[in-house]
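Text of entry.pdb, listed as PDB, C-alpha atoms, pLDDT in the B column:
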```
ATOM      1  CA  MET A  18     192.171 113.016   5.397  1.00 57.00           C
ATOM      2  CA  LEU A  19     194.788 111.585   7.700  1.00 54.00           C
ATOM      3  CA  PRO A  20     196.421 113.882  10.286  1.00 51.00           C
ATOM      4  CA  PRO A  21     198.715 116.617   8.876  1.00 44.00           C
ATOM      5  CA  GLU A  22     201.756 115.420  10.797  1.00 48.00           C
ATOM      6  CA  ALA A  23     201.770 112.296   8.646  1.00 48.00           C
ATOM      7  CA  LEU A  24     201.664 114.328   5.449  1.00 45.00           C
ATOM      8  CA  ARG A  25     203.600 117.563   5.951  1.00 44.00           C
ATOM      9  CA  ARG A  26     207.249 116.725   6.407  1.00 46.00           C
ATOM     10  CA  PRO A  27     209.930 118.616   4.439  1.00 37.00           C
ATOM     11  CA  LEU A  28     210.521 117.305   0.924  1.00 44.00           C
ATOM     12  CA  ALA A  29     214.274 117.158   1.519  1.00 45.00           C
ATOM     13  CA  ALA A  30     215.077 114.200  -0.684  1.00 44.00           C
ATOM     14  CA  ALA A  31     212.911 115.561  -3.490  1.00 44.00           C
ATOM     15  CA  ALA A  32     214.752 118.872  -3.268  1.00 44.00           C
ATOM     16  CA  ARG A  33     218.098 117.096  -3.519  1.00 47.00           C
ATOM     17  CA  LEU A  34     216.914 115.220  -6.612  1.00 42.00           C
ATOM     18  CA  ALA A  35     215.713 118.469  -8.144  1.00 43.00           C
ATOM     19  CA  ARG A  36     219.060 120.185  -7.552  1.00 43.00           C
ATOM     20  CA  ALA A  37     220.812 117.227  -9.129  1.00 45.00           C
ATOM     21  CA  GLY A  38     218.529 117.458 -12.161  1.00 46.00           C
ATOM     22  CA  ALA A  39     217.555 113.814 -11.811  1.00 41.00           C
ATOM     23  CA  TRP A  40     214.310 114.236 -13.739  1.00 39.00           C
ATOM     24  CA  ALA A  41     215.100 117.431 -15.630  1.00 43.00           C
ATOM     25  CA  ARG A  42     217.106 115.740 -18.381  1.00 44.00           C
ATOM     26  CA  PRO A  43     215.694 115.865 -21.938  1.00 41.00           C
ATOM     27  CA  GLN A  44     213.083 113.214 -22.620  1.00 42.00           C
ATOM     28  CA  VAL A  45     211.598 111.687 -25.732  1.00 37.00           C
ATOM     29  CA  LEU A  46     208.370 113.571 -26.272  1.00 39.00           C
ATOM     30  CA  ALA A  47     205.517 111.288 -27.181  1.00 39.00           C
ATOM     31  CA  SER A  48     201.898 111.855 -26.234  1.00 46.00           C
ATOM     32  CA  LEU A  49     199.616 108.908 -25.646  1.00 47.00           C
ATOM     33  CA  ALA A  50     196.878 111.114 -24.242  1.00 50.00           C
ATOM     34  CA  THR A  51     193.385 110.269 -25.401  1.00 52.00           C
ATOM     35  CA  GLY A  52     191.950 113.646 -24.507  1.00 55.00           C
ATOM     36  CA  PRO A  53     192.692 117.257 -23.458  1.00 56.00           C
ATOM     37  CA  ARG A  54     194.952 117.759 -20.441  1.00 58.00           C
ATOM     38  CA  GLN A  55     196.917 120.489 -18.684  1.00 56.00           C
ATOM     39  CA  ASN A  56     199.596 122.118 -20.836  1.00 63.00           C
ATOM     40  CA  ASN A  57     202.511 120.438 -19.042  1.00 70.00           C
ATOM     41  CA  SER A  58     203.943 116.990 -18.372  1.00 83.00           C
ATOM     42  CA  ILE A  59     202.619 116.756 -14.796  1.00 91.00           C
ATOM     43  CA  PHE A  60     200.627 113.656 -13.972  1.00 91.00           C
ATOM     44  CA  TYR A  61     199.131 112.080 -10.857  1.00 93.00           C
ATOM     45  CA  GLU A  62     199.463 108.522  -9.645  1.00 93.00           C
ATOM     46  CA  ILE A  63     196.373 107.355  -7.775  1.00 92.00           C
ATOM     47  CA  ARG A  64     197.222 104.422  -5.533  1.00 92.00           C
ATOM     48  CA  THR A  65     194.505 102.370  -3.834  1.00 91.00           C
ATOM     49  CA  TYR A  66     195.297  99.897  -1.057  1.00 92.00           C
ATOM     50  CA  ASP A  67     192.804  97.380   0.271  1.00 93.00           C
ATOM     51  CA  ILE A  68     193.834  96.537   3.820  1.00 94.00           C
ATOM     52  CA  LYS A  69     193.013  93.300   5.619  1.00 94.00           C
ATOM     53  CA  PRO A  70     190.005  94.111   7.849  1.00 93.00           C
ATOM     54  CA  SER A  71     191.712  93.023  11.067  1.00 95.00           C
ATOM     55  CA  LYS A  72     194.829  95.053  10.215  1.00 94.00           C
ATOM     56  CA  MET A  73     193.374  98.469   9.315  1.00 93.00           C
ATOM     57  CA  LYS A  74     194.104 100.098  12.683  1.00 93.00           C
ATOM     58  CA  GLU A  75     197.661  98.783  12.670  1.00 95.00           C
ATOM     59  CA  PHE A  76     198.275 100.007   9.115  1.00 94.00           C
ATOM     60  CA  VAL A  77     196.978 103.537   9.816  1.00 93.00           C
ATOM     61  CA  GLU A  78     199.180 103.736  12.913  1.00 94.00           C
ATOM     62  CA  MET A  79     202.185 102.834  10.769  1.00 93.00           C
ATOM     63  CA  VAL A  80     201.233 105.498   8.227  1.00 94.00           C
ATOM     64  CA  ASN A  81     201.050 108.145  10.964  1.00 92.00           C
ATOM     65  CA  LYS A  82     204.415 107.088  12.353  1.00 94.00           C
ATOM     66  CA  TYR A  83     206.505 106.482   9.244  1.00 93.00           C
ATOM     67  CA  PHE A  84     204.877 108.058   6.190  1.00 93.00           C
ATOM     68  CA  HIS A  85     207.096 111.126   6.458  1.00 94.00           C
ATOM     69  CA  LEU A  86     209.826 108.851   5.071  1.00 95.00           C
ATOM     70  CA  ARG A  87     207.770 108.538   1.863  1.00 94.00           C
ATOM     71  CA  THR A  88     206.731 112.193   1.537  1.00 94.00           C
ATOM     72  CA  ALA A  89     210.410 113.157   1.778  1.00 95.00           C
ATOM     73  CA  HIS A  90     210.797 111.827  -1.768  1.00 96.00           C
ATOM     74  CA  SER A  91     207.860 113.383  -3.663  1.00 95.00           C
ATOM     75  CA  GLU A  92     204.724 115.470  -3.249  1.00 93.00           C
ATOM     76  CA  LEU A  93     201.658 113.888  -1.701  1.00 91.00           C
ATOM     77  CA  VAL A  94     198.404 115.534  -2.830  1.00 89.00           C
ATOM     78  CA  GLY A  95     196.264 113.728  -0.260  1.00 85.00           C
ATOM     79  CA  PHE A  96     195.695 110.536   1.689  1.00 87.00           C
ATOM     80  CA  TRP A  97     192.156 109.351   2.446  1.00 86.00           C
ATOM     81  CA  SER A  98     190.523 106.474   4.286  1.00 86.00           C
ATOM     82  CA  ALA A  99     187.154 105.298   2.919  1.00 85.00           C
ATOM     83  CA  GLU A 100     184.263 105.157   5.385  1.00 83.00           C
ATOM     84  CA  LEU A 101     181.124 104.709   3.245  1.00 83.00           C
ATOM     85  CA  GLY A 102     180.767 102.957  -0.099  1.00 80.00           C
ATOM     86  CA  ALA A 103     183.995 101.058   0.542  1.00 81.00           C
ATOM     87  CA  MET A 104     185.637  99.654   3.652  1.00 85.00           C
ATOM     88  CA  ASN A 105     189.246  99.091   4.686  1.00 89.00           C
ATOM     89  CA  LYS A 106     190.396 101.068   1.649  1.00 90.00           C
ATOM     90  CA  LEU A 107     193.040 103.794   1.488  1.00 91.00           C
ATOM     91  CA  VAL A 108     193.526 106.153  -1.463  1.00 90.00           C
ATOM     92  CA  HIS A 109     196.579 108.357  -1.900  1.00 91.00           C
ATOM     93  CA  ILE A 110     197.492 110.653  -4.789  1.00 92.00           C
ATOM     94  CA  TRP A 111     201.074 111.528  -5.787  1.00 94.00           C
ATOM     95  CA  LYS A 112     202.152 114.348  -8.096  1.00 94.00           C
ATOM     96  CA  TYR A 113     205.028 113.892 -10.555  1.00 95.00           C
ATOM     97  CA  ASP A 114     206.637 116.365 -12.949  1.00 94.00           C
ATOM     98  CA  ASN A 115     207.035 113.674 -15.611  1.00 92.00           C
ATOM     99  CA  PHE A 116     207.777 109.953 -15.943  1.00 93.00           C
ATOM    100  CA  ALA A 117     211.527 110.463 -15.452  1.00 95.00           C
ATOM    101  CA  HIS A 118     210.718 112.133 -12.130  1.00 96.00           C
ATOM    102  CA  ARG A 119     208.654 109.137 -11.047  1.00 95.00           C
ATOM    103  CA  ALA A 120     211.413 106.727 -12.099  1.00 96.00           C
ATOM    104  CA  ALA A 121     213.938 108.685 -10.040  1.00 96.00           C
ATOM    105  CA  VAL A 122     211.638 108.701  -7.007  1.00 96.00           C
ATOM    106  CA  ARG A 123     210.918 104.966  -7.237  1.00 95.00           C
ATOM    107  CA  HIS A 124     214.647 104.252  -7.527  1.00 96.00           C
ATOM    108  CA  ALA A 125     215.368 106.379  -4.460  1.00 96.00           C
ATOM    109  CA  LEU A 126     212.602 104.644  -2.482  1.00 95.00           C
ATOM    110  CA  ALA A 127     213.960 101.216  -3.361  1.00 95.00           C
ATOM    111  CA  ASN A 128     217.307 102.273  -1.911  1.00 96.00           C
ATOM    112  CA  ASP A 129     215.938 104.056   1.170  1.00 95.00           C
ATOM    113  CA  LYS A 130     216.748 101.598   3.961  1.00 96.00           C
ATOM    114  CA  ASP A 131     214.608 103.407   6.541  1.00 95.00           C
ATOM    115  CA  TRP A 132     211.546 103.387   4.272  1.00 94.00           C
ATOM    116  CA  GLN A 133     212.026  99.762   3.269  1.00 96.00           C
ATOM    117  CA  GLY A 134     212.809  98.516   6.759  1.00 95.00           C
ATOM    118  CA  LYS A 135     210.488 100.581   8.936  1.00 94.00           C
ATOM    119  CA  PHE A 136     207.427 100.723   6.671  1.00 94.00           C
ATOM    120  CA  ILE A 137     207.437  98.520   3.561  1.00 94.00           C
ATOM    121  CA  SER A 138     208.561  95.229   5.124  1.00 95.00           C
ATOM    122  CA  PRO A 139     206.092  95.284   8.048  1.00 94.00           C
ATOM    123  CA  ALA A 140     203.280  96.883   5.974  1.00 94.00           C
ATOM    124  CA  LEU A 141     203.154  94.401   3.081  1.00 94.00           C
ATOM    125  CA  PRO A 142     201.620  91.536   5.125  1.00 95.00           C
ATOM    126  CA  LEU A 143     198.776  93.909   6.129  1.00 96.00           C
ATOM    127  CA  ILE A 144     197.777  94.715   2.528  1.00 95.00           C
ATOM    128  CA  GLU A 145     195.255  92.554   0.702  1.00 93.00           C
ATOM    129  CA  LYS A 146     195.745  94.114  -2.733  1.00 91.00           C
ATOM    130  CA  GLN A 147     197.123  97.218  -4.438  1.00 90.00           C
ATOM    131  CA  HIS A 148     195.987  99.117  -7.519  1.00 90.00           C
ATOM    132  CA  ASN A 149     197.331 102.203  -9.244  1.00 90.00           C
ATOM    133  CA  GLU A 150     196.310 104.479 -12.095  1.00 89.00           C
ATOM    134  CA  VAL A 151     198.048 107.288 -13.934  1.00 90.00           C
ATOM    135  CA  ALA A 152     195.750 110.250 -14.440  1.00 88.00           C
ATOM    136  CA  TYR A 153     195.968 113.792 -15.766  1.00 88.00           C
ATOM    137  CA  LEU A 154     194.194 116.811 -14.362  1.00 86.00           C
ATOM    138  CA  VAL A 155     191.572 117.888 -16.908  1.00 86.00           C
ATOM    139  CA  PRO A 156     192.271 121.292 -18.523  1.00 85.00           C
ATOM    140  CA  TRP A 157     189.151 122.925 -17.071  1.00 85.00           C
ATOM    141  CA  CYS A 158     190.073 122.198 -13.438  1.00 83.00           C
ATOM    142  CA  GLN A 159     192.787 123.500 -11.152  1.00 83.00           C
ATOM    143  CA  LEU A 160     193.947 121.337  -8.263  1.00 83.00           C
ATOM    144  CA  GLY A 161     192.321 122.681  -5.117  1.00 80.00           C
ATOM    145  CA  LYS A 162     193.198 122.488  -1.459  1.00 74.00           C
ATOM    146  CA  PRO A 163     190.791 121.802   1.400  1.00 63.00           C
ATOM    147  CA  PRO A 164     190.161 124.844   3.616  1.00 57.00           C
ATOM    148  CA  ARG A 165     191.150 122.826   6.668  1.00 59.00           C
ATOM    149  CA  GLU A 166     192.377 119.415   7.695  1.00 65.00           C
ATOM    150  CA  GLY A 167     189.804 116.687   8.086  1.00 70.00           C
ATOM    151  CA  GLY A 168     186.397 117.138   6.502  1.00 75.00           C
ATOM    152  CA  VAL A 169     184.239 114.721   4.522  1.00 80.00           C
ATOM    153  CA  TYR A 170     185.258 113.915   0.945  1.00 83.00           C
ATOM    154  CA  GLU A 171     183.371 112.224  -1.858  1.00 81.00           C
ATOM    155  CA  TRP A 172     185.392 110.299  -4.448  1.00 82.00           C
ATOM    156  CA  VAL A 173     183.292 109.810  -7.593  1.00 81.00           C
ATOM    157  CA  THR A 174     184.278 107.478 -10.433  1.00 83.00           C
ATOM    158  CA  PHE A 175     182.616 107.859 -13.830  1.00 82.00           C
ATOM    159  CA  GLN A 176     183.248 104.771 -15.963  1.00 83.00           C
ATOM    160  CA  MET A 177     182.490 105.780 -19.552  1.00 79.00           C
ATOM    161  CA  LYS A 178     182.081 104.000 -22.881  1.00 82.00           C
ATOM    162  CA  PRO A 179     185.272 103.581 -24.983  1.00 82.00           C
ATOM    163  CA  GLY A 180     186.105 106.588 -27.115  1.00 77.00           C
ATOM    164  CA  GLY A 181     187.678 108.974 -24.634  1.00 76.00           C
ATOM    165  CA  PRO A 182     186.810 112.613 -23.929  1.00 77.00           C
ATOM    166  CA  ALA A 183     186.197 113.236 -27.627  1.00 77.00           C
ATOM    167  CA  LEU A 184     183.040 111.164 -27.142  1.00 78.00           C
ATOM    168  CA  TRP A 185     181.959 112.001 -23.595  1.00 81.00           C
ATOM    169  CA  GLY A 186     184.171 114.867 -22.339  1.00 81.00           C
ATOM    170  CA  GLU A 187     181.527 117.577 -22.705  1.00 83.00           C
ATOM    171  CA  ALA A 188     178.868 115.602 -20.824  1.00 84.00           C
ATOM    172  CA  PHE A 189     181.374 114.691 -18.114  1.00 82.00           C
ATOM    173  CA  GLN A 190     182.364 118.329 -17.599  1.00 85.00           C
ATOM    174  CA  ALA A 191     178.720 119.418 -17.451  1.00 84.00           C
ATOM    175  CA  ALA A 192     177.888 116.748 -14.849  1.00 82.00           C
ATOM    176  CA  VAL A 193     180.796 117.720 -12.586  1.00 84.00           C
ATOM    177  CA  ASN A 194     180.109 121.462 -12.895  1.00 83.00           C
ATOM    178  CA  ALA A 195     176.408 120.982 -12.146  1.00 80.00           C
ATOM    179  CA  HIS A 196     177.401 119.087  -9.003  1.00 77.00           C
ATOM    180  CA  ILE A 197     179.811 121.848  -7.905  1.00 78.00           C
ATOM    181  CA  ASN A 198     177.505 124.745  -8.809  1.00 78.00           C
ATOM    182  CA  THR A 199     174.965 123.644  -6.204  1.00 73.00           C
ATOM    183  CA  GLY A 200     177.217 125.379  -3.661  1.00 73.00           C
ATOM    184  CA  TYR A 201     177.302 122.406  -1.308  1.00 72.00           C
ATOM    185  CA  THR A 202     180.754 121.234  -2.312  1.00 76.00           C
ATOM    186  CA  LYS A 203     184.294 122.415  -2.964  1.00 79.00           C
ATOM    187  CA  LEU A 204     186.084 120.846  -5.911  1.00 81.00           C
ATOM    188  CA  ILE A 205     189.503 119.409  -5.108  1.00 82.00           C
ATOM    189  CA  GLY A 206     190.349 117.861  -8.464  1.00 85.00           C
ATOM    190  CA  VAL A 207     189.004 116.220 -11.621  1.00 86.00           C
ATOM    191  CA  PHE A 208     191.148 113.642 -13.394  1.00 85.00           C
ATOM    192  CA  HIS A 209     191.085 111.549 -16.557  1.00 84.00           C
ATOM    193  CA  THR A 210     192.902 108.214 -16.476  1.00 83.00           C
ATOM    194  CA  GLU A 211     195.485 107.279 -19.110  1.00 82.00           C
ATOM    195  CA  TYR A 212     196.942 104.111 -17.574  1.00 81.00           C
ATOM    196  CA  GLY A 213     194.996 101.626 -15.495  1.00 74.00           C
ATOM    197  CA  LEU A 214     191.223 101.572 -15.871  1.00 72.00           C
ATOM    198  CA  LEU A 215     190.703 103.505 -19.111  1.00 67.00           C
ATOM    199  CA  ASN A 216     187.805 105.770 -20.134  1.00 67.00           C
ATOM    200  CA  THR A 217     187.444 106.832 -16.526  1.00 70.00           C
ATOM    201  CA  GLY A 218     186.747 110.265 -15.117  1.00 67.00           C
ATOM    202  CA  LEU A 219     187.540 110.819 -11.451  1.00 65.00           C
ATOM    203  CA  SER A 220     186.498 113.688  -9.221  1.00 68.00           C
ATOM    204  CA  ARG A 221     187.195 114.414  -5.586  1.00 62.00           C
ATOM    205  CA  VAL A 222     185.085 116.970  -3.757  1.00 65.00           C
ATOM    206  CA  LEU A 223     184.971 118.286  -0.203  1.00 58.00           C
ATOM    207  CA  LEU A 224     181.406 118.227   1.079  1.00 55.00           C
ATOM    208  CA  SER A 225     180.027 121.062   3.166  1.00 48.00           C
ATOM    209  CA  GLU A 226     179.201 120.697   6.837  1.00 42.00           C
ATOM    210  CA  LYS A 227     175.550 121.557   6.124  1.00 40.00           C
ATOM    211  CA  THR A 228     174.680 118.329   4.359  1.00 42.00           C
ATOM    212  CA  LEU A 229     176.334 115.253   2.919  1.00 46.00           C
ATOM    213  CA  ARG A 230     174.071 115.227  -0.114  1.00 48.00           C
ATOM    214  CA  PHE A 231     172.137 117.996  -1.826  1.00 46.00           C
ATOM    215  CA  ASP A 232     168.643 117.841  -3.310  1.00 49.00           C
ATOM    216  CA  VAL A 233     168.926 115.678  -6.447  1.00 51.00           C
ATOM    217  CA  LYS A 234     165.768 117.327  -7.804  1.00 57.00           C
ATOM    218  CA  GLU A 235     167.619 120.540  -8.651  1.00 64.00           C
ATOM    219  CA  PRO A 236     166.791 121.272 -12.356  1.00 66.00           C
ATOM    220  CA  ASN A 237     170.337 122.030 -13.573  1.00 65.00           C
ATOM    221  CA  LEU A 238     171.683 118.888 -11.945  1.00 64.00           C
ATOM    222  CA  LEU A 239     168.972 116.699 -13.442  1.00 65.00           C
ATOM    223  CA  LYS A 240     169.613 118.183 -16.901  1.00 69.00           C
ATOM    224  CA  ALA A 241     173.349 117.448 -16.663  1.00 65.00           C
ATOM    225  CA  GLN A 242     172.680 113.924 -15.407  1.00 70.00           C
ATOM    226  CA  GLN A 243     170.446 113.204 -18.403  1.00 71.00           C
ATOM    227  CA  LYS A 244     173.254 114.206 -20.794  1.00 72.00           C
ATOM    228  CA  ILE A 245     175.845 111.941 -19.204  1.00 74.00           C
ATOM    229  CA  ILE A 246     173.639 108.822 -19.065  1.00 75.00           C
ATOM    230  CA  PRO A 247     174.188 107.685 -22.713  1.00 77.00           C
ATOM    231  CA  PRO A 248     178.031 107.416 -22.539  1.00 77.00           C
ATOM    232  CA  LEU A 249     178.068 106.287 -18.890  1.00 79.00           C
ATOM    233  CA  THR A 250     178.511 102.582 -18.112  1.00 80.00           C
ATOM    234  CA  CYS A 251     179.024 102.741 -14.344  1.00 81.00           C
ATOM    235  CA  LEU A 252     178.963 105.375 -11.605  1.00 78.00           C
ATOM    236  CA  GLU A 253     180.547 104.701  -8.225  1.00 79.00           C
ATOM    237  CA  ASN A 254     181.306 106.802  -5.181  1.00 79.00           C
ATOM    238  CA  CYS A 255     182.680 106.506  -1.684  1.00 79.00           C
ATOM    239  CA  PHE A 256     182.966 108.865   1.263  1.00 78.00           C
ATOM    240  CA  CYS A 257     186.295 109.414   2.996  1.00 76.00           C
TER
END
```

Output the file's structure in the form of structure tokens.
Amino acid sequence: MLPPEALRRPLAAAARLARAGAWARPQVLASLATGPRQNNSIFYEIRTYDIKPSKMKEFVEMVNKYFHLRTAHSELVGFWSAELGAMNKLVHIWKYDNFAHRAAVRHALANDKDWQGKFISPALPLIEKQHNEVAYLVPWCQLGKPPREGGVYEWVTFQMKPGGPALWGEAFQAAVNAHINTGYTKLIGVFHTEYGLLNTGLSRVLLSEKTLRFDVKEPNLLKAQQKIIPPLTCLENCFC
């Protein structure tokens, strides 16, 4: 993860919005969820930025210097820089109470002159492309926190056949739990996408200092992997 000083500034603006009830107003309740989720309206926006190779150092320096202007508006779960499996890629995850909350935050950001002038305007020419997804935390996982700053993280993407968790949810859960139960990793979060790339399960784990990868011959892990193969179309990971 990036240094804590870039991520842990007071959420002053978010607190002001909360006091004003900007996202607490009644909303039309309609569920488009294709599978089980946490029993609340909270969702996570996963934003991926591909940075121009020659501009990565400059972009990270800008993040360290000015990103507190962004975290003043809403909660940042984490910000990672890919090292293996992908290059010049940054992934950051934002937590929102509901879609009205996100709309209020995006409106405030658009009108934040410091954020727009000091970060957005100079940062845009450094970005090659942007991608975002809306995802929900699966009901069998609680969002975890790393025991310390830094560390090595593995971001695993399970691209599944169409049909949603009703078709492949059980196999997906078994595969993730088998991975975690080896004792080599600490689970940070498991998500299911609803907007963006559909039929996708995402997991982020903190790897132990002992080893970056465990023995793939472990019986329970092999058994879980065999179950997830039929509904799986693509498996991708990167280390951050």

Residue nearest Arg64 in chain A among A:Lys106, A:His148, A:Lys135, A:His196 (counting all atoms listed in the file):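 Once distances to Arg64 in chain A are computed over all atoms listed in the file, the minimum belongs to A:His148.
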
Best match for closeness to Ala103 in chain A among A:Glu187, A:Glu211, A:Glu150, A:Asp67, counting only C-alpha atoms: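 Residue with the minimum atom-to-atom distance to Ala103 in chain A: A:Asp67.
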
Within 10 Å of Lys146 in chain A using all atoms listed in the file, minus same-chain residues under 2 positions, as a list of chain:residue names: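 Non-adjacent residues within range: A:Thr65, A:Tyr66, A:Asp67, A:Ile68, A:Lys69, A:Lys106, A:Leu141, A:Leu143, A:Ile144, A:His148.
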
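We find CA of His118 in chain A and CA of Ile63 in chain A to be spaced 15.7 Å apart.
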
Residues matched by the PyMOL selection byres ((chain A and resi 255) around 7), written as a ChimeraX atom specification: /A:99,101-103,171-173,254,256-257

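Distance annotation: of A:His209, A:Ser71, A:Val77, A:Glu62, the residue with the minimal separation from Ser91 in chain A is A:Glu62; atom set is all atoms listed in the file.
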
Which of A:Cys251, A:Lys244, A:Asn194, A:Thr217 sits closest to Gly181 in chain A [using all atoms listed in the file]: A:Thr217

Surrounding residues of Lys162 in chain A excluding itself and chain neighbours under 4 positions, 9 Å, all atoms listed in the file, as an NGL selection string: :A and (94 or 204-206)

Separation of CA of Ile59 in chain A from CA of Asn115 in chain A, in Å and rounded to one decimal: 5.4 Å

Best match for closeness to Trp157 in chain A among A:Ala127, A:Ile137, A:Val207, A:Ala188, counting only C-alpha atoms: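 With only C-alpha atoms as the atom set, the closest residue is A:Val207.
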
Proximity to Phe116 in chain A - best of A:Gln147, A:Thr88, A:Asn128, A:Ser58, all atoms listed in the file: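 Smallest separation from Phe116 in chain A among the options: A:Ser58.
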
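Those residues returned by the PyMOL selection byres ((chain A and resi 109) around 7) for this file are Ile63, Arg64, Thr65, Gly95, Phe96, Trp97, Leu107, Val108, Ile110 and Trp111 of chain A.
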